[in-house]
file entry_3.txt (compact mmCIF, C-alpha atoms)
# COMPACT_ATOMS: atom_id res chain seq x y z
CA MET X 30 -34.11 9.02 -15.54
CA ILE X 31 -30.89 8.29 -17.46
CA LYS X 32 -30.58 4.64 -18.54
CA LYS X 33 -27.24 2.89 -19.05
CA ASP X 34 -26.35 -0.77 -19.52
CA VAL X 35 -23.51 -0.59 -16.99
CA ILE X 36 -22.70 2.08 -14.42
CA ILE X 37 -19.32 2.34 -12.73
CA ILE X 38 -19.42 4.26 -9.45
CA GLY X 39 -16.01 5.86 -8.95
CA GLY X 40 -13.68 7.41 -11.51
CA GLY X 41 -10.38 6.21 -10.10
CA ALA X 42 -7.92 3.58 -11.29
CA ALA X 43 -10.23 0.58 -10.87
CA GLY X 44 -13.26 2.41 -12.23
CA PHE X 45 -11.60 3.55 -15.45
CA PHE X 46 -9.89 0.20 -16.00
CA ALA X 47 -13.20 -1.63 -15.61
CA ALA X 48 -15.16 0.76 -17.84
CA ILE X 49 -12.60 0.60 -20.66
CA ASN X 50 -12.41 -3.19 -20.58
CA ILE X 51 -16.20 -3.61 -20.50
CA ALA X 52 -16.67 -1.27 -23.46
CA GLU X 53 -13.85 -2.90 -25.39
CA ASN X 54 -15.15 -6.44 -24.77
CA ASN X 55 -18.72 -5.54 -25.67
CA PRO X 56 -18.95 -2.37 -27.83
CA GLU X 57 -22.75 -2.51 -27.89
CA LEU X 58 -23.01 -1.67 -24.20
CA GLN X 59 -23.62 1.86 -22.94
CA VAL X 60 -21.11 2.29 -20.13
CA ALA X 61 -20.95 5.31 -17.81
CA ILE X 62 -18.61 6.35 -14.98
CA LEU X 63 -20.07 8.44 -12.14
CA GLU X 64 -17.33 10.42 -10.39
CA ARG X 65 -18.12 12.66 -7.41
CA ALA X 66 -15.23 15.12 -8.03
CA LYS X 67 -14.73 17.57 -10.86
CA GLU X 68 -12.06 15.28 -12.33
CA GLY X 69 -11.10 11.64 -11.87
CA LEU X 70 -7.96 9.56 -11.33
CA ALA X 71 -6.79 11.74 -8.41
CA LYS X 72 -4.84 8.93 -6.72
CA VAL X 73 -3.20 7.94 -10.00
CA LYS X 74 -2.01 11.53 -10.38
CA VAL X 75 -0.19 11.71 -7.01
CA SER X 76 0.99 8.11 -6.63
CA GLY X 77 4.71 7.44 -6.71
CA GLY X 78 5.45 11.12 -6.18
CA GLY X 79 3.58 12.01 -9.38
CA ARG X 80 5.18 9.22 -11.44
CA CYS X 81 2.47 6.55 -10.84
CA ASN X 82 3.74 3.27 -9.39
CA VAL X 83 1.66 1.20 -11.87
CA THR X 84 2.55 -2.25 -10.53
CA HIS X 85 5.42 -4.25 -9.02
CA ALA X 86 7.81 -6.64 -10.74
CA GLU X 87 6.67 -9.80 -8.96
CA PHE X 88 5.54 -12.43 -11.47
CA MET X 89 4.56 -15.38 -9.26
CA PRO X 90 1.00 -15.23 -7.88
CA SER X 91 2.01 -17.15 -4.75
CA GLU X 92 4.70 -14.53 -4.01
CA LEU X 93 2.64 -11.54 -5.10
CA VAL X 94 -0.17 -12.29 -2.63
CA LYS X 95 2.28 -12.09 0.30
CA ASN X 96 2.26 -8.31 -0.10
CA TYR X 97 -1.42 -8.02 0.92
CA PRO X 98 -2.05 -7.93 4.70
CA ARG X 99 -5.75 -8.21 3.87
CA GLY X 100 -6.68 -10.13 0.71
CA GLU X 101 -3.77 -12.58 0.49
CA LYS X 102 -5.94 -15.73 0.33
CA GLU X 103 -8.68 -14.21 -1.85
CA LEU X 104 -6.36 -12.76 -4.51
CA LEU X 105 -4.45 -15.96 -5.31
CA GLY X 106 -7.07 -17.21 -7.80
CA PRO X 107 -7.62 -13.81 -9.47
CA PHE X 108 -3.85 -13.32 -9.90
CA HIS X 109 -3.75 -16.54 -11.90
CA GLN X 110 -6.25 -14.89 -14.28
CA PHE X 111 -4.73 -11.42 -14.58
CA MET X 112 -1.56 -10.20 -12.96
CA THR X 113 1.64 -8.22 -13.37
CA GLY X 114 2.64 -9.48 -16.82
CA ASP X 115 -0.90 -8.91 -18.10
CA THR X 116 -0.86 -5.36 -16.73
CA ILE X 117 2.44 -4.61 -18.49
CA ALA X 118 1.09 -6.03 -21.77
CA TRP X 119 -2.21 -4.12 -21.45
CA PHE X 120 -0.44 -0.78 -21.16
CA GLU X 121 2.20 -1.55 -23.80
CA GLU X 122 -0.53 -2.50 -26.31
CA ARG X 123 -1.88 1.00 -25.79
CA GLY X 124 1.45 2.75 -26.24
CA VAL X 125 2.53 3.05 -22.59
CA GLU X 126 5.87 1.40 -21.91
CA LEU X 127 6.74 0.57 -18.31
CA LYS X 128 10.16 0.23 -16.65
CA ILE X 129 11.35 -1.65 -13.57
CA GLU X 130 13.35 0.17 -10.89
CA ASP X 131 15.93 -1.46 -8.59
CA ASP X 132 13.39 -1.96 -5.80
CA GLY X 133 10.92 -3.70 -8.15
CA ARG X 134 8.50 -0.80 -8.52
CA MET X 135 7.26 -0.17 -12.05
CA PHE X 136 6.62 3.23 -13.60
CA PRO X 137 5.86 4.58 -17.06
CA VAL X 138 9.09 5.28 -18.96
CA SER X 139 7.92 8.92 -19.15
CA ASN X 140 8.19 9.16 -15.32
CA SER X 141 4.85 10.95 -15.34
CA SER X 142 1.48 9.81 -14.01
CA GLN X 143 -0.10 12.00 -16.69
CA THR X 144 0.90 9.31 -19.22
CA ILE X 145 -1.40 6.84 -17.46
CA ILE X 146 -4.19 9.40 -17.10
CA ASP X 147 -3.95 10.34 -20.79
CA CYS X 148 -4.06 6.65 -21.75
CA PHE X 149 -7.24 6.08 -19.73
CA LEU X 150 -8.99 9.20 -21.01
CA SER X 151 -8.05 8.36 -24.59
CA GLU X 152 -9.21 4.72 -24.30
CA ALA X 153 -12.44 5.74 -22.59
CA GLN X 154 -13.21 8.20 -25.39
CA LYS X 155 -12.22 5.68 -28.08
CA HIS X 156 -14.64 3.08 -26.70
CA GLY X 157 -17.50 5.50 -26.03
CA VAL X 158 -17.43 5.46 -22.22
CA ASP X 159 -19.54 8.29 -20.81
CA ILE X 160 -17.57 10.01 -18.00
CA LEU X 161 -19.80 12.11 -15.76
CA TYR X 162 -18.09 14.32 -13.18
CA ASN X 163 -19.58 16.13 -10.17
CA GLN X 164 -21.94 13.17 -9.59
CA PRO X 165 -21.69 12.16 -5.90
CA VAL X 166 -23.93 9.14 -5.33
CA LYS X 167 -26.60 9.69 -2.67
CA SER X 168 -28.48 6.39 -2.87
CA ILE X 169 -28.40 2.97 -4.55
CA GLU X 170 -31.63 0.97 -4.66
CA LYS X 171 -32.63 -2.26 -6.33
CA GLU X 172 -35.93 -2.07 -8.20
CA GLY X 173 -36.72 -5.43 -9.75
CA ASP X 174 -33.76 -6.43 -11.91
CA ALA X 175 -32.44 -2.88 -12.16
CA PHE X 176 -30.46 -0.55 -9.93
CA VAL X 177 -31.59 3.04 -9.41
CA ILE X 178 -28.80 5.44 -8.50
CA GLN X 179 -29.51 8.95 -7.25
CA THR X 180 -26.75 11.55 -7.47
CA SER X 181 -26.90 15.22 -6.46
CA ASP X 182 -28.78 16.25 -9.59
CA ASN X 183 -29.52 13.12 -11.65
CA ARG X 184 -31.23 9.77 -11.44
CA PHE X 185 -29.71 6.80 -13.27
CA THR X 186 -30.84 3.26 -13.88
CA SER X 187 -28.77 0.28 -14.92
CA ASN X 188 -28.95 -3.52 -14.88
CA LYS X 189 -25.36 -3.88 -13.68
CA ILE X 190 -23.17 -1.70 -11.48
CA LEU X 191 -19.55 -1.88 -10.41
CA VAL X 192 -18.48 -0.01 -7.27
CA ALA X 193 -14.89 1.26 -7.40
CA THR X 194 -14.97 4.14 -4.92
CA GLY X 195 -11.97 3.21 -2.80
CA SER X 196 -12.18 3.93 0.92
CA ASN X 197 -15.40 5.95 0.95
CA PRO X 198 -17.47 5.71 4.17
CA LYS X 199 -20.61 7.12 2.51
CA ILE X 200 -20.57 4.44 -0.19
CA TRP X 201 -19.82 1.76 2.39
CA LYS X 202 -22.97 2.86 4.23
CA LEU X 203 -25.04 2.49 1.03
CA LEU X 204 -23.59 -1.00 0.51
CA GLU X 205 -24.53 -1.90 4.08
CA ASP X 206 -28.07 -0.80 3.27
CA LEU X 207 -28.00 -3.33 0.40
CA GLY X 208 -27.08 -6.10 2.84
CA HIS X 209 -23.28 -6.09 2.89
CA SER X 210 -21.10 -5.80 5.98
CA VAL X 211 -18.06 -3.54 6.10
CA SER X 212 -14.91 -4.07 8.14
CA GLU X 213 -14.11 -1.05 10.31
CA PRO X 214 -11.65 1.17 8.40
CA VAL X 215 -8.31 1.95 10.03
CA PRO X 216 -5.20 3.60 8.53
CA SER X 217 -2.57 1.40 6.91
CA LEU X 218 0.81 2.35 5.41
CA PHE X 219 2.05 5.03 7.80
CA THR X 220 5.32 6.15 9.37
CA PHE X 221 6.12 6.03 13.10
CA ASN X 222 6.49 9.16 15.21
CA ILE X 223 9.44 8.70 17.58
CA LYS X 224 11.28 11.22 19.75
CA ASP X 225 14.59 9.74 20.88
CA ASP X 226 18.11 11.13 21.29
CA ARG X 227 19.50 8.20 19.29
CA ILE X 228 17.82 9.40 16.10
CA GLN X 229 17.66 13.13 16.76
CA ASP X 230 19.38 15.43 14.26
CA ILE X 231 20.17 12.67 11.74
CA PRO X 232 17.19 12.77 9.33
CA GLY X 233 17.90 11.14 5.99
CA VAL X 234 20.09 8.40 7.44
CA VAL X 235 19.21 4.95 6.06
CA ALA X 236 20.06 1.61 7.68
CA LEU X 237 19.84 -0.75 4.73
CA ASN X 238 18.91 -4.05 6.35
CA VAL X 239 17.21 -4.06 9.75
CA GLU X 240 14.71 -6.23 11.57
CA VAL X 241 11.89 -4.50 13.45
CA LYS X 242 9.54 -6.11 15.99
CA VAL X 243 6.52 -4.72 17.82
CA LEU X 244 6.93 -5.70 21.46
CA GLY X 245 4.02 -7.65 22.89
CA ALA X 246 2.67 -8.65 19.46
CA ASN X 247 3.46 -11.20 16.80
CA LEU X 248 4.50 -8.51 14.32
CA TRP X 249 7.86 -8.08 12.64
CA SER X 250 9.36 -6.98 9.35
CA GLU X 251 12.71 -6.45 7.70
CA GLY X 252 14.31 -4.19 5.10
CA PRO X 253 15.62 -0.63 4.85
CA LEU X 254 14.86 1.86 7.63
CA LEU X 255 14.86 5.64 7.11
CA ILE X 256 15.29 8.09 9.97
CA THR X 257 13.11 11.18 9.44
CA HIS X 258 12.50 14.50 11.21
CA TRP X 259 9.53 12.87 12.96
CA GLY X 260 10.74 9.32 13.54
CA MET X 261 11.12 6.36 11.21
CA SER X 262 9.92 5.32 7.74
CA ALA X 263 10.94 3.23 4.68
CA PRO X 264 9.86 -0.32 3.78
CA SER X 265 10.62 -2.03 7.12
CA ILE X 266 8.33 0.43 8.93
CA LEU X 267 5.67 0.68 6.22
CA LYS X 268 5.33 -3.12 6.01
CA LEU X 269 4.94 -3.27 9.78
CA SER X 270 2.27 -0.55 9.69
CA ALA X 271 0.32 -2.41 7.00
CA PHE X 272 0.43 -5.89 8.53
CA GLY X 273 -0.13 -4.43 12.00
CA ALA X 274 -2.83 -1.92 11.00
CA LEU X 275 -5.57 -3.40 13.19
CA GLU X 276 -3.34 -4.16 16.19
CA LEU X 277 -1.61 -0.76 16.16
CA ALA X 278 -4.97 1.03 15.89
CA LYS X 279 -6.11 -0.85 19.03
CA ARG X 280 -3.04 0.51 20.80
CA ASP X 281 -3.88 4.05 19.68
CA TYR X 282 -0.48 4.13 17.92
CA LYS X 283 1.41 4.07 21.23
CA PHE X 284 3.70 1.03 21.45
CA GLN X 285 7.33 -0.08 21.58
CA ILE X 286 9.47 -1.46 18.78
CA GLU X 287 12.73 -3.39 19.02
CA ILE X 288 15.25 -2.91 16.20
CA ASN X 289 18.15 -5.13 15.23
CA PHE X 290 20.18 -2.70 13.13
CA ILE X 291 22.74 -5.30 12.00
CA ARG X 292 20.65 -8.52 11.68
CA GLN X 293 23.08 -10.41 13.95
CA SER X 294 22.57 -12.19 17.26
CA PHE X 295 23.78 -10.67 20.52
CA GLU X 296 26.48 -13.36 20.82
CA ALA X 297 27.79 -12.92 17.25
CA ALA X 298 27.98 -9.13 17.58
CA LEU X 299 29.66 -9.37 20.98
CA GLY X 300 32.29 -11.66 19.46
CA VAL X 301 33.02 -9.12 16.71
CA LEU X 302 33.42 -6.26 19.21
CA LYS X 303 35.67 -8.30 21.49
CA ASP X 304 37.93 -9.00 18.50
CA LEU X 305 38.06 -5.27 17.72
CA LYS X 306 39.05 -4.55 21.32
CA GLN X 307 42.06 -6.79 20.74
CA THR X 308 42.99 -5.71 17.20
CA MET X 309 42.54 -1.93 17.40
CA PRO X 310 42.95 -1.04 21.10
CA LYS X 311 44.19 2.54 20.60
CA LYS X 312 41.46 3.65 18.19
CA THR X 313 38.31 5.34 19.45
CA VAL X 314 35.06 3.42 19.26
CA PHE X 315 33.27 6.56 18.03
CA LYS X 316 35.38 6.78 14.86
CA SER X 317 35.42 3.03 14.17
CA THR X 318 32.12 2.51 12.37
CA GLN X 319 31.25 -1.20 12.04
CA PHE X 320 28.68 -3.54 10.43
CA ASP X 321 28.23 -1.26 7.37
CA LEU X 322 26.10 1.08 9.47
CA PRO X 323 25.79 4.74 8.46
CA LYS X 324 28.46 6.71 10.31
CA ARG X 325 26.02 9.12 11.95
CA LEU X 326 23.86 6.29 13.29
CA TRP X 327 26.92 4.46 14.65
CA HIS X 328 27.96 7.66 16.46
CA LYS X 329 24.52 7.95 18.09
CA LEU X 330 24.48 4.32 19.22
CA VAL X 331 28.01 4.57 20.64
CA LEU X 332 27.11 7.68 22.67
CA ALA X 333 23.99 5.91 23.95
CA SER X 334 26.21 3.10 25.31
CA GLU X 335 27.84 4.92 28.26
CA MET X 336 30.79 6.11 26.17
CA SER X 337 32.24 9.43 25.01
CA GLU X 338 33.78 10.39 21.67
CA THR X 339 37.26 9.71 23.12
CA THR X 340 36.61 6.23 24.57
CA ARG X 341 39.15 3.78 23.12
CA TRP X 342 38.47 0.12 22.36
CA ALA X 343 41.10 -0.91 24.94
CA ASP X 344 39.27 1.03 27.67
CA LEU X 345 35.87 -0.65 27.19
CA ASN X 346 34.59 -2.56 30.17
CA LYS X 347 32.18 -5.53 29.98
CA MET X 348 29.10 -3.40 30.65
CA GLN X 349 29.94 -0.88 27.92
CA LEU X 350 30.60 -3.65 25.40
CA GLU X 351 27.31 -5.39 26.17
CA THR X 352 25.38 -2.10 26.16
CA LEU X 353 26.68 -1.28 22.66
CA VAL X 354 25.75 -4.77 21.45
CA LYS X 355 22.22 -4.27 22.81
CA GLN X 356 21.94 -0.94 21.00
CA LEU X 357 22.99 -2.66 17.79
CA THR X 358 20.87 -5.81 18.07
CA SER X 359 17.86 -4.99 20.29
CA ALA X 360 17.38 -1.22 20.58
CA VAL X 361 13.95 -0.37 21.99
CA PHE X 362 12.13 2.79 20.84
CA ASN X 363 8.83 4.26 22.02
CA VAL X 364 6.40 5.04 19.20
CA ASP X 365 3.94 7.83 19.92
CA GLY X 366 1.65 8.36 16.96
CA LYS X 367 1.79 8.02 13.20
CA SER X 368 2.16 10.16 10.10
CA THR X 369 0.65 9.54 6.66
CA PHE X 370 3.13 8.21 4.12
CA LYS X 371 3.29 10.97 1.49
CA GLU X 372 -0.03 11.31 -0.35
CA GLU X 373 -0.50 7.57 -0.67
CA PHE X 374 -2.96 7.20 2.19
CA VAL X 375 -4.22 3.65 2.36
CA THR X 376 -7.04 2.29 4.50
CA ALA X 377 -7.47 -1.20 5.88
CA GLY X 378 -11.18 -1.88 5.82
CA GLY X 379 -14.01 -2.24 3.35
CA VAL X 380 -16.57 -4.74 2.08
CA ASN X 381 -16.25 -8.10 3.85
CA LEU X 382 -14.33 -10.44 1.54
CA LYS X 383 -16.49 -13.45 2.46
CA GLU X 384 -19.38 -11.69 0.69
CA VAL X 385 -17.66 -11.54 -2.72
CA ASN X 386 -17.23 -14.19 -5.42
CA PHE X 387 -13.58 -13.79 -6.41
CA LYS X 388 -14.05 -15.67 -9.69
CA THR X 389 -16.05 -12.69 -10.96
CA PHE X 390 -15.80 -10.00 -8.22
CA GLU X 391 -19.60 -10.07 -8.02
CA SER X 392 -21.51 -9.72 -4.77
CA LYS X 393 -22.74 -13.01 -3.29
CA TYR X 394 -25.71 -11.12 -1.84
CA VAL X 395 -26.83 -8.75 -4.59
CA GLU X 396 -26.97 -10.06 -8.15
CA ASN X 397 -25.26 -7.88 -10.78
CA LEU X 398 -23.40 -5.79 -8.16
CA TYR X 399 -19.61 -5.92 -8.65
CA PHE X 400 -16.60 -4.49 -6.82
CA ALA X 401 -13.02 -3.55 -7.69
CA GLY X 402 -10.15 -1.93 -5.82
CA GLU X 403 -9.99 -0.65 -2.26
CA VAL X 404 -13.75 -0.52 -1.72
CA LEU X 405 -13.09 -4.13 -0.69
CA ASN X 406 -11.24 -4.99 2.51
CA ILE X 407 -7.98 -5.41 0.59
CA ASP X 408 -4.83 -3.35 1.00
CA ALA X 409 -1.14 -3.76 0.25
CA ILE X 410 2.26 -2.67 1.49
CA THR X 411 2.95 -0.13 -1.30
CA GLY X 412 1.06 1.71 -4.01
CA GLY X 413 2.10 -0.59 -6.88
CA PHE X 414 0.56 -3.62 -5.19
CA ASN X 415 -2.64 -1.67 -4.48
CA PHE X 416 -2.86 -0.73 -8.16
CA GLN X 417 -2.33 -4.36 -9.21
CA ASN X 418 -5.30 -5.33 -7.04
CA ALA X 419 -7.33 -2.62 -8.79
CA TRP X 420 -6.32 -3.77 -12.30
CA THR X 421 -6.97 -7.45 -11.53
CA GLY X 422 -10.36 -6.98 -9.92
CA ALA X 423 -11.52 -4.50 -12.54
CA PHE X 424 -10.40 -6.71 -15.44
CA ILE X 425 -12.07 -9.87 -14.12
CA ALA X 426 -15.29 -8.05 -13.22
CA ALA X 427 -15.30 -6.31 -16.64
CA ARG X 428 -14.95 -9.60 -18.47
CA ASP X 429 -17.91 -11.09 -16.58
CA ILE X 430 -20.07 -8.00 -16.99
CA ALA X 431 -19.35 -7.71 -20.73
CA LYS X 432 -20.38 -11.28 -21.54
CA SER X 433 -23.46 -11.46 -19.34
CA VAL X 434 -25.38 -8.23 -19.94

call {"tool": "encode", "arguments": {"input": "entry_3.txt", "output": "C-alpha cells"}}
result
Amino acid sequence: MIKKDVIIIGGGAAGFFAAINIAENNPELQVAILERAKEGLAKVKVSGGGRCNVTHAEFMPSELVKNYPRGEKELLGPFHQFMTGDTIAWFEERGVELKIEDDGRMFPVSNSSQTIIDCFLSEAQKHGVDILYNQPVKSIEKEGDAFVIQTSDNRFTSNKILVATGSNPKIWKLLEDLGHSVSEPVPSLFTFNIKDDRIQDIPGVVALNVEVKVLGANLWSEGPLLITHWGMSAPSILKLSAFGALELAKRDYKFQIEINFIRQSFEAALGVLKDLKQTMPKKTVFKSTQFDLPKRLWHKLVLASEMSETTRWADLNKMQLETLVKQLTSAVFNVDGKSTFKEEFVTAGGVNLKEVNFKTFESKYVENLYFAGEVLNIDAITGGFNFQNAWTGAFIAARDIAKSV
C-alpha cells in the first residue's frame, strides 16, 4: 500500500494544474498524479493544432460563461475567483508568455504546446509532485476517512483525491459506485456532413458572417462559416453543435439547417437586387458578386436560382429574383451525420453539476473528493474555453485541498 496525502487521478491539464498548485500552496504534502497512459498531457499536446489554445481573451466573468453550453450558471462564481487574467499571470510568472490572436484565442508566444508541457513538468518536479504513469485506476473505495485506489499493479491510499480524468466512462462508473450520477455523454464540438450541389467543389470558401438555425428547434448561432470537403465547419457551426449537442444527438445527427448568408431580411435583400436590375441591366448576374460574399459561393447560389451563367440582370423575372433572395437569406441544407473537429474531441456529459460545491469543487456527497475539468458535465465552444474551465476548477480545488489536509 502506497500512502500519499493527496492523489490526483488523471495526468491531463486539470490534473497537473491542480497537483502543482496544491504542492506549491502546501509544500509539506505528498502529492501524486496517477495517469493511465505512458505519458500525460496528451490533449494539451494536440490542442490548437499543436500550439495549445491556453485560454481566450474574454475578461468579464458574465461574458465568459456564455461560452459554456453546460456549466454557464455554475462557473460564474468560480470565474470571479480565478479566470483569464489569473491564467495569463500564472503562466507568465513561470516564464511562459501568452499572446492574443485576432479571434481572441490565446497561445504561448512560442507557438508550441511543448512550452506548456515543459512548464508543467518542470513545476511538478520543482514542487516534488510524484507523477506515476501506466496507472489505470480500477477501483476507488472509501475506507473510514481514507480513499483506497487500486490500479493495475499498485494499491494507493490517500485522505483526499481529485478526479481530473476528462470524459472517461470507466471513471464515471466508479464515481457512480460512490453515489454520484453522471449525465449521458454525447459528442459536442463537431462539423456537419452535408452533400449539396450548392457547396460541392468549393472547399475552403469562407462566408464571414452568417446566421444558422436548426429547423424545428430553438437553436441558432452566428459567425464565420467554412465550406469543407464533407460539409460545413467554422465557429457558426461549432457553436451550434455545442449548444445543440443533446438535441442533435436525439435526432441521430440527421436534421435541416437554414442559413442566412448575408444577415439581411428577405425584403431588404430583394430591394438591393431590384436596384441592381435597374442600374446594371446588361451585366450578368453570375459575374456580379454582391453582399461581400465569396465569388465561388455567389456563383453556386446564382446557379441554384433557375439561372445560367449568361442570365443578365435585365432578364430576371420575379420568380428568379425571389429564388435568389431565398438562397441568400434562407437556404435550407440537409445535414446527414457529423465529423470530429480536428483532434479536439469534446464530450457533453459527466458528473451531475448539482452534486458539486462550486465554491471548492468538492463533492456534496463524498467528503474530500474533488473534481476539475471535463470529468464534470461542463463543456465549451472551443478548446481555450475548455482549458479555462480546467485551470479555474483545478486552482480552486487545489487551494481548498492545500489548506484543509

call {"tool": "closest_residue", "arguments": {"input": "entry_3.txt", "among": "X:Thr220, X:Thr389, X:Thr113, X:Thr194", "to": "Val364 of chain X", "atoms": "only C-alpha atoms"}}
result
X:Thr220

call {"tool": "axis_aligned_box", "arguments": {"input": "entry_3.txt", "around": "segment 401-411 of chain X", "padding_each_side": "6 Å", "output": "AutoDock Vina command-line options"}}
result
--center_x -5.4 --center_y -2.8 --center_z -2.6 --size_x 28.7 --size_y 17.3 --size_z 22.2

call {"tool": "closest_residue", "arguments": {"input": "entry_3.txt", "among": "X:Asn406, X:Asp365, X:Gly208, X:Phe149", "to": "Asn50 of chain X", "atoms": "all atoms listed in the file"}}
result
X:Phe149

call {"tool": "closest_residue", "arguments": {"input": "entry_3.txt", "among": "X:Ala271, X:Gln154, X:Ile31, X:Leu104", "to": "Ile425 of chain X", "atoms": "only C-alpha atoms"}}
result
X:Leu104

call {"tool": "residues_around", "arguments": {"input": "entry_3.txt", "residues": "Phe290 of chain X", "least_positions_apart": "2", "cutoff": "7 Å", "atoms": "all atoms listed in the file", "output": "list in words"}}
result
Ala236, Val239, Glu240, Ile288, Arg292, Leu357 and Thr358 of chain X

call {"tool": "residues_around", "arguments": {"input": "entry_3.txt", "residues": "Asp226 of chain X", "least_positions_apart": "6", "cutoff": "10 Å", "atoms": "all atoms listed in the file", "output": "PyMOL selection string"}}
result
chain X and resi 329-330+332-333

call {"tool": "write_last_selection", "arguments": {"input": "entry_3.txt", "atoms": "C-alpha atoms", "output": "compact mmCIF listing (two decimals), in the coordinates of the input"}}
result
# COMPACT_ATOMS: atom_id res chain seq x y z
CA LYS X 329 24.52 7.95 18.09
CA LEU X 330 24.48 4.32 19.22
CA LEU X 332 27.11 7.68 22.67
CA ALA X 333 23.99 5.91 23.95

call {"tool": "closest_residue", "arguments": {"input": "entry_3.txt", "among": "X:Arg184, X:Lys74, X:Lys202, X:Lys128", "to": "Thr144 of chain X", "atoms": "all atoms listed in the file"}}
result
X:Lys74

call {"tool": "atom_distance", "arguments": {"input": "entry_3.txt", "atom1": "atom CA of Asp344 of chain X", "atom2": "atom CA of Glu287 of chain X"}}
result
28.3 Å

call {"tool": "closest_residue", "arguments": {"input": "entry_3.txt", "among": "X:Leu353, X:Thr84, X:Ile223, X:Ile410", "to": "Ser265 of chain X", "atoms": "all atoms listed in the file"}}
result
X:Ile410

call {"tool": "closest_residue", "arguments": {"input": "entry_3.txt", "among": "X:Asp159, X:Glu396, X:Asp408, X:Glu251", "to": "Lys32 of chain X", "atoms": "only C-alpha atoms"}}
result
X:Asp159

call {"tool": "residues_around", "arguments": {"input": "entry_3.txt", "residues": "Glu335 of chain X", "least_positions_apart": "5", "cutoff": "10 Å", "atoms": "only C-alpha atoms", "output": "VMD selection string"}}
result
chain X and resid 330 340 345 348 to 350 352 to 353

call {"tool": "write_last_selection", "arguments": {"input": "entry_3.txt", "atoms": "C-alpha atoms", "output": "PDB file, in the frame of the given file"}}
result
ATOM      1  CA  LEU X 330      24.480   4.320  19.220  1.00  0.00           C
ATOM      2  CA  THR X 340      36.610   6.230  24.570  1.00  0.00           C
ATOM      3  CA  LEU X 345      35.870  -0.650  27.190  1.00  0.00           C
ATOM      4  CA  MET X 348      29.100  -3.400  30.650  1.00  0.00           C
ATOM      5  CA  GLN X 349      29.940  -0.880  27.920  1.00  0.00           C
ATOM      6  CA  LEU X 350      30.600  -3.650  25.400  1.00  0.00           C
ATOM      7  CA  THR X 352      25.380  -2.100  26.160  1.00  0.00           C
ATOM      8  CA  LEU X 353      26.680  -1.280  22.660  1.00  0.00           C
TER       9      LEU X 353
END

call {"tool": "atom_distance", "arguments": {"input": "entry_3.txt", "atom1": "atom CA of Ala427 of chain X", "atom2": "atom CA of Gly78 of chain X"}}
result
29.0 Å

call {"tool": "atom_distance", "arguments": {"input": "entry_3.txt", "atom1": "atom CA of Glu172 of chain X", "atom2": "atom CA of Lys189 of chain X"}}
result
12.0 Å

call {"tool": "residues_around", "arguments": {"input": "entry_3.txt", "residues": "Lys102 of chain X", "least_positions_apart": "3", "cutoff": "12 Å", "atoms": "all atoms listed in the file", "output": "list in words"}}
result
Pro90, Ser91, Glu92, Leu93, Val94, Lys95, Asn96, Tyr97, Pro98, Arg99, Leu105, Gly106, Pro107, Phe108, Leu382, Lys383, Phe387 and Ile407 of chain X

call {"tool": "residues_near_point", "arguments": {"input": "entry_3.txt", "point": "(-2.6, 10.8, -17.5)", "cutoff": "12 Å", "atoms": "all atoms listed in the file", "output": "number ranges by chain"}}
result
X: 41-42, 45, 68-76, 79-81, 83, 125, 137, 139-152

call {"tool": "residues_near_point", "arguments": {"input": "entry_3.txt", "point": "(12.4, -1.3, 4.3)", "cutoff": "8 Å", "atoms": "all atoms listed in the file", "output": "list in words"}}
result
Leu237, Asn238, Val239, Glu251, Gly252, Pro253, Leu254, Leu255, Ser262, Ala263, Pro264, Ser265, Ile266, Leu267 and Lys268 of chain X

call {"tool": "residues_around", "arguments": {"input": "entry_3.txt", "residues": "Leu63 of chain X", "least_positions_apart": "2", "cutoff": "7 Å", "atoms": "only C-alpha atoms", "output": "PDB file with C-alpha atoms, in the frame of the given file"}}
result
ATOM      1  CA  ILE X  37     -19.320   2.340 -12.730  1.00  0.00           C
ATOM      2  CA  ILE X  38     -19.420   4.260  -9.450  1.00  0.00           C
ATOM      3  CA  GLY X  39     -16.010   5.860  -8.950  1.00  0.00           C
ATOM      4  CA  GLY X  40     -13.680   7.410 -11.510  1.00  0.00           C
ATOM      5  CA  ALA X  61     -20.950   5.310 -17.810  1.00  0.00           C
ATOM      6  CA  ARG X  65     -18.120  12.660  -7.410  1.00  0.00           C
ATOM      7  CA  ILE X 160     -17.570  10.010 -18.000  1.00  0.00           C
ATOM      8  CA  LEU X 161     -19.800  12.110 -15.760  1.00  0.00           C
ATOM      9  CA  TYR X 162     -18.090  14.320 -13.180  1.00  0.00           C
ATOM     10  CA  GLN X 164     -21.940  13.170  -9.590  1.00  0.00           C
TER      11      GLN X 164
END

call {"tool": "build_atoms", "arguments": {"input": "entry_3.txt", "residues": "segment 234-240 of chain X", "atoms": "N, CA and C atoms", "output": "compact mmCIF listing (two decimals), in the frame of the given file"}}
result
# COMPACT_ATOMS: atom_id res chain seq x y z
N VAL X 234 19.22 9.56 7.28
CA VAL X 234 20.09 8.40 7.44
C VAL X 234 19.29 7.12 7.17
N VAL X 235 19.88 6.21 6.40
CA VAL X 235 19.21 4.95 6.06
C VAL X 235 20.06 3.77 6.54
N ALA X 236 19.45 2.90 7.35
CA ALA X 236 20.06 1.61 7.68
C ALA X 236 19.47 0.61 6.69
N LEU X 237 20.33 -0.03 5.91
CA LEU X 237 19.84 -0.75 4.73
C LEU X 237 19.13 -2.06 5.03
N ASN X 238 19.47 -2.72 6.13
CA ASN X 238 18.91 -4.05 6.35
C ASN X 238 18.68 -4.29 7.84
N VAL X 239 17.52 -3.92 8.33
CA VAL X 239 17.21 -4.06 9.75
C VAL X 239 16.05 -5.04 9.94
N GLU X 240 15.88 -5.46 11.19
CA GLU X 240 14.71 -6.23 11.57
C GLU X 240 13.99 -5.45 12.66
